[in-house]
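One structure is given below, encoded as structure tokens.
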Amino acid sequence: MTSNVDPTEISKFDRLARSWWDPAGDFKPLHDLNPLRVSYIETRLQLAGTRIADIGCGGGILAESLARAGAMVTGTDMAEKPLQVARLHATESGVDVDYRQTTVEALADSESASFDAVTCFEMLEHVPDPGSVIAGCAKLLKPGGDLFLSTINRNPKSYLLAILGAEYVLGLLPRGTHDYAKFIRPSELAEALRTSQLILTDVTGMTYNPLTRNFSLGRDVDVNYLVHAHKPVEQNL
Ligand code: SAH
């Protein structure tokens, strides 16, 4: 494999890019999740003055929030249109984010050990080799740096809620957004973190209540979940 990019996934996000910042549009779940993930990061990391790479940033919902909180953010994605939307939106909102079209693997080659933190949210389930993305994130981090990930667990309940429920019953996401086979169990993510010599610090669930239409953080990691890991200051090679 020359590149860890699925062109079908990229064209899917290119097609949807226009509605990225519509809080009631195709990316509504990302807008609804965003305050929770920002507070998850903020309780674990001082954002002001921190250099962060946001991998698979899309239209920049998270990247902008991090920049507003004082972080110096580099947002990367492989889809061109979401990046155009992200650049335009940042300019209009007066937020400074450095957006680049690159894979994490390529960025890690040119900027290894350059970032205090790396975020990679709702992206791992869209790539052919998530372990390679995690290895790239690990390489980008300075020793002692923090990694924040989120993805979707793989089990019958996540199939029911994240695919049948979200895409077919509630219509929260366009049909075909997710492929069940690409969902990732926390144990698989933990293994990939170990392989990249990262230390797993926390796994927290994000659950959706269809009645209140709100997400909340908690212990239930059956469907959506967040992960915090860090790169040891000294690595045992
Ligand atoms: N992280 C953002 C967007 C999630 S949507 C957020 O949570 O708000 C998933 C994003 O991953 C899309 O923008 C898609 O283009 C991007 N993506 C998919 N495969 C990728 C790859 N191999 N490299 C970089 N970005 C990728």
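Lettering and numbering for the structure tokens are positional, with chains as A, B, ... in the shown order, residues counted from 1 in each chain, and ligands counted from 1 in the shown order.
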
I want to know what sits within 8 Å of Val73 in chain A, based on only C-alpha atoms, with residues of the same chain fewer than 6 positions away left out; could you give that as an MDAnalysis selection string? chainID A and resid 51:54 63 66:67 96:98

Neighbouring residues of ligand 1 are defined here as those with any atom at most 8 Å from a ligand atom, counting only C-alpha atoms and all ligand atoms; list them as an NGL selection string. :A and (3-6 or 9-14 or 30-31 or 34 or 54-63 or 76-80 or 82-83 or 101-104 or 120-124 or 126-128 or 133)

Which one is closest to Thr50 in chain A: A:Val85, A:Ser114, A:Val95, A:Arg37? Count only C-alpha atoms.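 Distance minimum relative to Thr50 in chain A lands on A:Ser114.
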
Give the alpha helix (DSSP H) residues of range 42-121 of chain A, as assigned by DSSP on the backbone, as a CSV table (one decimal) with all heavy atoms, in the first residue's frame.
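Full text of part-v3.csv as output:
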```
chain,number,residue,atom,x,y,z
A,42,GLU,N,-9.8,19.8,27.4
A,42,GLU,CA,-9.4,20.9,28.3
A,42,GLU,C,-9.2,20.4,29.7
A,42,GLU,O,-8.3,21.0,30.4
A,42,GLU,CB,-10.5,22.0,28.3
A,42,GLU,CG,-10.3,23.0,27.2
A,42,GLU,CD,-11.4,24.1,27.2
A,42,GLU,OE1,-12.5,23.7,27.6
A,42,GLU,OE2,-11.1,25.2,26.8
A,61,ILE,N,-14.4,21.9,12.6
A,61,ILE,CA,-15.2,22.2,13.8
A,61,ILE,C,-14.4,22.1,15.1
A,61,ILE,O,-14.4,23.0,15.9
A,61,ILE,CB,-16.4,21.2,13.9
A,61,ILE,CG1,-17.3,21.3,12.7
A,61,ILE,CG2,-17.2,21.4,15.2
A,61,ILE,CD1,-18.4,20.3,12.6
A,62,LEU,N,-13.6,21.1,15.2
A,62,LEU,CA,-12.7,20.9,16.4
A,62,LEU,C,-11.5,21.9,16.4
A,62,LEU,O,-11.2,22.5,17.3
A,62,LEU,CB,-12.3,19.5,16.6
A,62,LEU,CG,-11.3,19.3,17.8
A,62,LEU,CD1,-12.1,19.4,19.1
A,62,LEU,CD2,-10.7,17.9,17.7
A,63,ALA,N,-10.9,21.9,15.2
A,63,ALA,CA,-9.7,22.7,15.0
A,63,ALA,C,-10.0,24.2,15.4
A,63,ALA,O,-9.2,24.8,16.2
A,63,ALA,CB,-9.2,22.7,13.6
A,64,GLU,N,-11.1,24.7,15.0
A,64,GLU,CA,-11.4,26.1,15.4
A,64,GLU,C,-11.6,26.3,16.9
A,64,GLU,O,-11.1,27.3,17.4
A,64,GLU,CB,-12.7,26.6,14.6
A,64,GLU,CG,-12.4,27.1,13.2
A,64,GLU,CD,-13.5,28.0,12.7
A,64,GLU,OE1,-14.3,28.6,13.5
A,64,GLU,OE2,-13.5,28.2,11.5
A,65,SER,N,-12.3,25.3,17.5
A,65,SER,CA,-12.5,25.5,18.9
A,65,SER,C,-11.2,25.5,19.7
A,65,SER,O,-11.0,26.2,20.6
A,65,SER,CB,-13.4,24.3,19.5
A,65,SER,OG,-14.6,24.3,18.8
A,66,LEU,N,-10.3,24.6,19.2
A,66,LEU,CA,-9.0,24.5,19.9
A,66,LEU,C,-8.2,25.8,19.7
A,66,LEU,O,-7.6,26.3,20.7
A,66,LEU,CB,-8.2,23.3,19.4
A,66,LEU,CG,-8.8,21.9,19.6
A,66,LEU,CD1,-7.9,20.9,18.9
A,66,LEU,CD2,-8.9,21.6,21.1
A,67,ALA,N,-8.3,26.4,18.5
A,67,ALA,CA,-7.6,27.6,18.2
A,67,ALA,C,-8.2,28.8,19.0
A,67,ALA,O,-7.5,29.6,19.6
A,67,ALA,CB,-7.6,27.9,16.7
A,68,ARG,N,-9.5,28.8,19.2
A,68,ARG,CA,-10.2,29.8,20.0
A,68,ARG,C,-9.7,29.8,21.4
A,68,ARG,O,-9.7,30.8,22.1
A,68,ARG,CB,-11.7,29.6,20.0
A,68,ARG,CG,-12.4,30.2,18.8
A,68,ARG,CD,-13.9,30.0,18.9
A,68,ARG,NE,-14.5,30.0,17.6
A,68,ARG,CZ,-14.7,31.1,16.9
A,68,ARG,NH1,-14.4,32.3,17.4
A,68,ARG,NH2,-15.2,31.1,15.7
A,80,GLU,N,-10.1,17.7,-0.3
A,80,GLU,CA,-9.8,19.1,-0.6
A,80,GLU,C,-11.0,20.0,-0.3
A,80,GLU,O,-10.7,21.1,0.3
A,80,GLU,CB,-9.6,19.1,-2.1
A,80,GLU,CG,-8.8,20.3,-2.6
A,80,GLU,CD,-8.5,20.3,-4.1
A,80,GLU,OE1,-8.3,19.2,-4.6
A,80,GLU,OE2,-8.5,21.3,-4.7
A,81,LYS,N,-12.2,19.6,-0.5
A,81,LYS,CA,-13.3,20.5,-0.3
A,81,LYS,C,-13.6,20.9,1.1
A,81,LYS,O,-13.7,22.0,1.5
A,81,LYS,CB,-14.6,20.0,-1.0
A,81,LYS,CG,-14.4,19.8,-2.5
A,81,LYS,CD,-15.7,20.4,-3.2
A,81,LYS,CE,-15.4,20.6,-4.7
A,81,LYS,NZ,-15.4,19.3,-5.5
A,82,PRO,N,-13.5,19.9,2.0
A,82,PRO,CA,-13.7,20.2,3.5
A,82,PRO,C,-12.6,21.2,3.9
A,82,PRO,O,-12.8,22.2,4.7
A,82,PRO,CB,-13.5,18.9,4.2
A,82,PRO,CG,-14.0,17.9,3.2
A,82,PRO,CD,-13.5,18.4,1.9
A,83,LEU,N,-11.4,21.1,3.3
A,83,LEU,CA,-10.3,22.0,3.7
A,83,LEU,C,-10.6,23.4,3.2
A,83,LEU,O,-10.3,24.4,3.9
A,83,LEU,CB,-8.9,21.5,3.1
A,83,LEU,CG,-8.3,20.4,3.9
A,83,LEU,CD1,-7.0,19.9,3.2
A,83,LEU,CD2,-7.9,20.8,5.4
A,84,GLN,N,-11.2,23.5,2.0
A,84,GLN,CA,-11.5,24.8,1.4
A,84,GLN,C,-12.6,25.5,2.4
A,84,GLN,O,-12.5,26.6,2.7
A,84,GLN,CB,-12.1,24.7,0.0
A,84,GLN,CG,-11.1,24.4,-1.0
A,84,GLN,CD,-11.7,24.1,-2.4
A,84,GLN,OE1,-12.9,24.0,-2.5
A,84,GLN,NE2,-10.9,23.8,-3.4
A,85,VAL,N,-13.6,24.7,2.8
A,85,VAL,CA,-14.6,25.2,3.7
A,85,VAL,C,-14.0,25.6,5.0
A,85,VAL,O,-14.3,26.7,5.5
A,85,VAL,CB,-15.7,24.1,3.9
A,85,VAL,CG1,-16.6,24.5,5.0
A,85,VAL,CG2,-16.4,23.8,2.6
A,86,ALA,N,-13.0,24.8,5.5
A,86,ALA,CA,-12.4,25.1,6.7
A,86,ALA,C,-11.6,26.4,6.7
A,86,ALA,O,-11.7,27.3,7.6
A,86,ALA,CB,-11.4,24.0,7.1
A,87,ARG,N,-10.9,26.6,5.6
A,87,ARG,CA,-10.1,27.9,5.4
A,87,ARG,C,-11.0,29.1,5.3
A,87,ARG,O,-10.7,30.1,6.0
A,87,ARG,CB,-9.2,27.8,4.1
A,87,ARG,CG,-8.1,26.8,4.2
A,87,ARG,CD,-7.1,27.0,3.1
A,87,ARG,NE,-6.1,25.9,3.2
A,87,ARG,CZ,-6.0,24.8,2.4
A,87,ARG,NH1,-6.9,24.6,1.5
A,87,ARG,NH2,-5.1,23.9,2.6
A,88,LEU,N,-12.1,29.0,4.6
A,88,LEU,CA,-13.0,30.1,4.4
A,88,LEU,C,-13.7,30.4,5.8
A,88,LEU,O,-13.7,31.6,6.2
A,88,LEU,CB,-14.1,29.7,3.4
A,88,LEU,CG,-14.9,30.8,2.8
A,88,LEU,CD1,-14.0,31.7,2.0
A,88,LEU,CD2,-16.0,30.2,1.9
A,89,HIS,N,-14.1,29.4,6.5
A,89,HIS,CA,-14.8,29.6,7.7
A,89,HIS,C,-13.8,30.2,8.8
A,89,HIS,O,-14.2,31.1,9.5
A,89,HIS,CB,-15.3,28.3,8.3
A,89,HIS,CG,-16.4,28.5,9.3
A,89,HIS,ND1,-16.0,28.6,10.7
A,89,HIS,CD2,-17.7,28.6,9.3
A,89,HIS,CE1,-17.1,28.8,11.4
A,89,HIS,NE2,-18.2,28.8,10.5
A,90,ALA,N,-12.6,29.8,8.8
A,90,ALA,CA,-11.6,30.3,9.7
A,90,ALA,C,-11.4,31.8,9.4
A,90,ALA,O,-11.3,32.7,10.3
A,90,ALA,CB,-10.3,29.6,9.7
A,91,THR,N,-11.3,32.2,8.1
A,91,THR,CA,-11.1,33.6,7.8
A,91,THR,C,-12.3,34.4,8.2
A,91,THR,O,-12.1,35.4,8.8
A,91,THR,CB,-10.9,33.7,6.2
A,91,THR,OG1,-9.9,32.8,5.8
A,91,THR,CG2,-10.6,35.1,5.8
A,92,GLU,N,-13.5,33.9,7.9
A,92,GLU,CA,-14.7,34.6,8.2
A,92,GLU,C,-14.9,34.8,9.7
A,92,GLU,O,-15.3,35.8,10.2
A,92,GLU,CB,-15.9,33.9,7.7
A,92,GLU,CG,-16.1,34.1,6.2
A,92,GLU,CD,-17.3,33.3,5.6
A,92,GLU,OE1,-17.9,32.5,6.4
A,92,GLU,OE2,-17.5,33.5,4.4
A,93,SER,N,-14.4,33.8,10.5
A,93,SER,CA,-14.6,33.9,12.0
A,93,SER,C,-13.3,34.5,12.6
A,93,SER,O,-13.3,34.6,13.9
A,93,SER,CB,-14.9,32.5,12.6
A,93,SER,OG,-15.0,31.5,11.7
A,104,VAL,N,-1.3,11.9,7.6
A,104,VAL,CA,-0.5,12.0,8.9
A,104,VAL,C,0.8,11.4,8.7
A,104,VAL,O,1.8,11.8,9.3
A,104,VAL,CB,-1.3,11.4,10.1
A,104,VAL,CG1,-1.6,9.9,9.9
A,104,VAL,CG2,-0.6,11.6,11.4
A,105,GLU,N,0.9,10.3,7.9
A,105,GLU,CA,2.2,9.6,7.7
A,105,GLU,C,3.2,10.6,7.1
A,105,GLU,O,4.4,10.6,7.5
A,105,GLU,CB,2.0,8.4,6.8
A,105,GLU,CG,1.2,7.3,7.5
A,105,GLU,CD,-0.3,7.3,7.3
A,105,GLU,OE1,-0.8,8.4,6.8
A,105,GLU,OE2,-1.0,6.4,7.6
A,106,ALA,N,2.8,11.4,6.1
A,106,ALA,CA,3.7,12.3,5.4
A,106,ALA,C,4.1,13.5,6.4
A,106,ALA,O,5.2,13.9,6.5
A,106,ALA,CB,3.1,12.9,4.2
A,107,LEU,N,3.1,14.0,7.1
A,107,LEU,CA,3.4,15.1,8.1
A,107,LEU,C,4.4,14.6,9.1
A,107,LEU,O,5.3,15.3,9.5
A,107,LEU,CB,2.1,15.5,8.7
A,107,LEU,CG,2.2,16.8,9.6
A,107,LEU,CD1,2.5,18.0,8.8
A,107,LEU,CD2,0.9,17.0,10.5
A,108,ALA,N,4.2,13.3,9.6
A,108,ALA,CA,5.1,12.8,10.6
A,108,ALA,C,6.5,12.7,10.1
A,108,ALA,O,7.5,12.8,10.9
A,108,ALA,CB,4.6,11.4,11.1
A,109,ASP,N,6.7,12.4,8.8
A,109,ASP,CA,8.0,12.4,8.2
A,109,ASP,C,8.7,13.7,8.3
A,109,ASP,O,9.9,13.8,8.5
A,109,ASP,CB,8.0,11.9,6.8
A,109,ASP,CG,7.8,10.3,6.7
A,109,ASP,OD1,8.1,9.7,7.7
A,109,ASP,OD2,7.4,9.8,5.7
A,110,SER,N,7.9,14.8,8.0
A,110,SER,CA,8.5,16.1,7.9
A,110,SER,C,8.5,16.9,9.2
A,110,SER,O,9.3,17.8,9.4
A,110,SER,CB,7.8,17.0,6.8
A,110,SER,OG,6.5,17.1,7.1
```

Could you pull out the strand (DSSP E or B) residues of range 119-219 of chain A, going by DSSP on the backbone, and write them as number ranges by chain? A: 119-121, 141-152, 199-209, 214-218

Residues as selected, N, CA, C and O atoms, written as a short mmCIF file (atom, residue, chain, number, x, y, z; two decimals), in the first residue's frame, can you do that?
```cif
data_model
loop_
_atom_site.label_atom_id
_atom_site.label_comp_id
_atom_site.auth_asym_id
_atom_site.auth_seq_id
_atom_site.Cartn_x
_atom_site.Cartn_y
_atom_site.Cartn_z
N THR A 119 -4.76 15.52 17.93
CA THR A 119 -6.14 15.08 18.04
C THR A 119 -6.51 14.40 16.73
O THR A 119 -6.09 14.83 15.65
N CYS A 120 -7.28 13.32 16.83
CA CYS A 120 -7.71 12.61 15.62
C CYS A 120 -9.10 12.04 15.93
O CYS A 120 -9.21 10.96 16.50
N PHE A 121 -10.12 12.83 15.55
CA PHE A 121 -11.48 12.51 15.99
C PHE A 121 -12.35 12.05 14.82
O PHE A 121 -12.39 12.68 13.77
N LEU A 141 4.23 13.55 17.94
CA LEU A 141 4.26 14.07 19.32
C LEU A 141 5.66 14.27 19.84
O LEU A 141 6.56 13.45 19.62
N LYS A 142 5.80 15.36 20.60
CA LYS A 142 7.03 15.52 21.38
C LYS A 142 7.00 14.49 22.52
O LYS A 142 5.91 14.09 22.94
N PRO A 143 8.15 14.11 23.05
CA PRO A 143 8.12 13.24 24.24
C PRO A 143 7.26 13.89 25.33
O PRO A 143 7.35 15.10 25.55
N GLY A 144 6.41 13.12 25.97
CA GLY A 144 5.51 13.66 26.98
C GLY A 144 4.22 14.23 26.41
O GLY A 144 3.35 14.66 27.15
N GLY A 145 4.07 14.21 25.07
CA GLY A 145 2.90 14.80 24.42
C GLY A 145 1.63 13.97 24.58
O GLY A 145 1.69 12.78 24.92
N ASP A 146 0.49 14.61 24.33
CA ASP A 146 -0.82 13.97 24.53
C ASP A 146 -1.49 13.65 23.21
O ASP A 146 -1.52 14.47 22.29
N LEU A 147 -2.12 12.48 23.16
CA LEU A 147 -2.90 12.08 21.98
C LEU A 147 -4.36 11.88 22.39
O LEU A 147 -4.65 11.23 23.39
N PHE A 148 -5.26 12.48 21.61
CA PHE A 148 -6.70 12.32 21.85
C PHE A 148 -7.33 11.73 20.59
O PHE A 148 -7.14 12.25 19.49
N LEU A 149 -8.08 10.64 20.78
CA LEU A 149 -8.72 9.96 19.65
C LEU A 149 -10.19 9.78 19.94
O LEU A 149 -10.60 9.72 21.11
N SER A 150 -10.99 9.66 18.89
CA SER A 150 -12.34 9.14 19.09
C SER A 150 -12.71 8.31 17.90
O SER A 150 -12.24 8.52 16.78
N THR A 151 -13.53 7.29 18.16
CA THR A 151 -14.01 6.43 17.08
C THR A 151 -15.26 5.71 17.54
O THR A 151 -15.89 6.11 18.53
N ILE A 152 -15.65 4.66 16.83
CA ILE A 152 -16.88 3.92 17.16
C ILE A 152 -16.55 2.45 17.41
O ILE A 152 -15.80 1.84 16.63
N ILE A 199 1.15 5.36 25.91
CA ILE A 199 0.54 4.87 27.16
C ILE A 199 -0.92 5.31 27.18
O ILE A 199 -1.22 6.50 27.12
N LEU A 200 -1.81 4.34 27.31
CA LEU A 200 -3.25 4.63 27.38
C LEU A 200 -3.58 5.18 28.76
O LEU A 200 -3.26 4.57 29.78
N THR A 201 -4.22 6.36 28.80
CA THR A 201 -4.53 7.00 30.08
C THR A 201 -6.01 6.89 30.42
O THR A 201 -6.37 6.77 31.58
N ASP A 202 -6.87 6.96 29.40
CA ASP A 202 -8.31 7.00 29.70
C ASP A 202 -9.13 6.58 28.47
O ASP A 202 -8.75 6.88 27.34
N VAL A 203 -10.24 5.92 28.74
CA VAL A 203 -11.25 5.64 27.71
C VAL A 203 -12.58 6.10 28.28
O VAL A 203 -12.96 5.70 29.38
N THR A 204 -13.28 6.98 27.58
CA THR A 204 -14.56 7.52 28.05
C THR A 204 -15.62 7.38 26.95
O THR A 204 -15.33 7.64 25.78
N GLY A 205 -16.81 6.98 27.34
CA GLY A 205 -17.88 6.82 26.35
C GLY A 205 -18.60 8.13 26.07
O GLY A 205 -18.64 9.03 26.91
N MET A 206 -19.14 8.22 24.85
CA MET A 206 -20.03 9.36 24.50
C MET A 206 -21.34 8.73 24.08
O MET A 206 -21.40 8.03 23.06
N THR A 207 -22.38 8.94 24.87
CA THR A 207 -23.65 8.29 24.55
C THR A 207 -24.67 9.31 24.07
O THR A 207 -24.73 10.44 24.54
N TYR A 208 -25.49 8.86 23.12
CA TYR A 208 -26.49 9.72 22.53
C TYR A 208 -27.86 9.35 23.07
O TYR A 208 -28.24 8.18 23.09
N ASN A 209 -28.58 10.35 23.55
CA ASN A 209 -29.94 10.14 24.01
C ASN A 209 -30.90 10.64 22.92
O ASN A 209 -31.03 11.83 22.71
N ASN A 214 -29.27 14.72 22.89
CA ASN A 214 -28.01 15.21 23.45
C ASN A 214 -27.01 14.07 23.62
O ASN A 214 -27.40 12.94 23.88
N PHE A 215 -25.73 14.42 23.52
CA PHE A 215 -24.67 13.47 23.86
C PHE A 215 -24.21 13.75 25.29
O PHE A 215 -24.27 14.88 25.76
N SER A 216 -23.75 12.70 25.98
CA SER A 216 -23.11 12.94 27.28
C SER A 216 -21.91 12.02 27.43
O SER A 216 -21.83 10.97 26.78
N LEU A 217 -20.97 12.41 28.30
CA LEU A 217 -19.78 11.59 28.56
C LEU A 217 -20.09 10.63 29.70
O LEU A 217 -20.84 10.98 30.61
N GLY A 218 -19.51 9.43 29.64
CA GLY A 218 -19.74 8.49 30.74
C GLY A 218 -18.99 7.20 30.54
O GLY A 218 -18.07 7.12 29.74
#
```

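Closest approach to Thr74 in chain A among A:Arg154, A:Thr43, A:Ala181, A:Glu111 is made by A:Glu111 (distances from only C-alpha atoms).
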
Nearest to Pro174 in chain A among A:Ala162, A:Tyr40, A:Ser196, A:Ala117, with distances taken over only C-alpha atoms: which residue is it?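 Of A:Ala162, A:Tyr40, A:Ser196, A:Ala117, the one nearest Pro174 in chain A, counting only C-alpha atoms, is A:Ala162.
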
Given only C-alpha atoms as the counted atoms, nearest of A:Met72, A:Ala17, A:Leu226, A:Leu211 to Arg185 in chain A: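 Nearest candidate to Arg185 in chain A out of A:Met72, A:Ala17, A:Leu226, A:Leu211: A:Leu226.
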
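Excluding range 175-179 of chain A itself and same-chain residues fewer than 4 positions from it, the residues having an atom within 7 Å of it are Ile163, Glu167 and Tyr168 of chain A, counting only C-alpha atoms.
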
I need the chosen residues saved as a PDB file, in the first residue's frame, with all heavy atoms.
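Now in out.pdb:
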```
ATOM      1  N   ILE A 163     -25.357   2.667  13.005  1.00  0.00           N
ATOM      2  CA  ILE A 163     -25.697   2.537  11.585  1.00  0.00           C
ATOM      3  C   ILE A 163     -27.214   2.524  11.390  1.00  0.00           C
ATOM      4  O   ILE A 163     -27.765   3.474  10.832  1.00  0.00           O
ATOM      5  CB  ILE A 163     -24.998   1.311  10.955  1.00  0.00           C
ATOM      6  CG1 ILE A 163     -23.474   1.559  11.043  1.00  0.00           C
ATOM      7  CG2 ILE A 163     -25.463   1.129   9.491  1.00  0.00           C
ATOM      8  CD1 ILE A 163     -22.598   0.691  10.232  1.00  0.00           C
ATOM      9  N   GLU A 167     -28.294   6.312  10.872  1.00  0.00           N
ATOM     10  CA  GLU A 167     -28.390   6.569   9.425  1.00  0.00           C
ATOM     11  C   GLU A 167     -29.782   6.268   8.853  1.00  0.00           C
ATOM     12  O   GLU A 167     -30.200   6.906   7.897  1.00  0.00           O
ATOM     13  CB  GLU A 167     -27.350   5.728   8.662  1.00  0.00           C
ATOM     14  CG  GLU A 167     -25.914   6.125   9.016  1.00  0.00           C
ATOM     15  CD  GLU A 167     -24.869   5.360   8.212  1.00  0.00           C
ATOM     16  OE1 GLU A 167     -25.206   4.755   7.180  1.00  0.00           O
ATOM     17  OE2 GLU A 167     -23.696   5.377   8.646  1.00  0.00           O
ATOM     18  N   TYR A 168     -30.476   5.282   9.424  1.00  0.00           N
ATOM     19  CA  TYR A 168     -31.733   4.853   8.805  1.00  0.00           C
ATOM     20  C   TYR A 168     -32.980   5.272   9.580  1.00  0.00           C
ATOM     21  O   TYR A 168     -33.989   5.635   8.991  1.00  0.00           O
ATOM     22  CB  TYR A 168     -31.716   3.331   8.572  1.00  0.00           C
ATOM     23  CG  TYR A 168     -30.727   2.959   7.501  1.00  0.00           C
ATOM     24  CD1 TYR A 168     -29.384   2.776   7.802  1.00  0.00           C
ATOM     25  CD2 TYR A 168     -31.117   2.861   6.173  1.00  0.00           C
ATOM     26  CE1 TYR A 168     -28.445   2.487   6.820  1.00  0.00           C
ATOM     27  CE2 TYR A 168     -30.196   2.566   5.168  1.00  0.00           C
ATOM     28  CZ  TYR A 168     -28.862   2.382   5.503  1.00  0.00           C
ATOM     29  OH  TYR A 168     -27.949   2.109   4.516  1.00  0.00           O
TER      30      TYR A 168
END
```

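Taking CA of Ala192 in chain A as the reference point, CA of Ser132 in chain A is found at 8.7 Å.
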
Taking only C-alpha atoms into account, name the residue in A:Arg100, A:Glu125, A:Ala166, A:Ala138 that is nearest to Tyr180 in chain A.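 Checking each candidate against Tyr180 in chain A, we get A:Glu125 as the closest.
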
In Å, rounded to a single decimal, give me how far CA of Pro232 in chain A is from CA of Arg194 in chain A.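 Atom-to-atom, CA of Arg194 in chain A to CA of Pro232 in chain A, that is 11.4 Å.
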
One decimal, Å: what's the distance from CA of Ala24 in chain A over to CA of Leu36 in chain A, could you say?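 According to the coordinates, CA of Ala24 in chain A and CA of Leu36 in chain A are separated by 17.5 Å.
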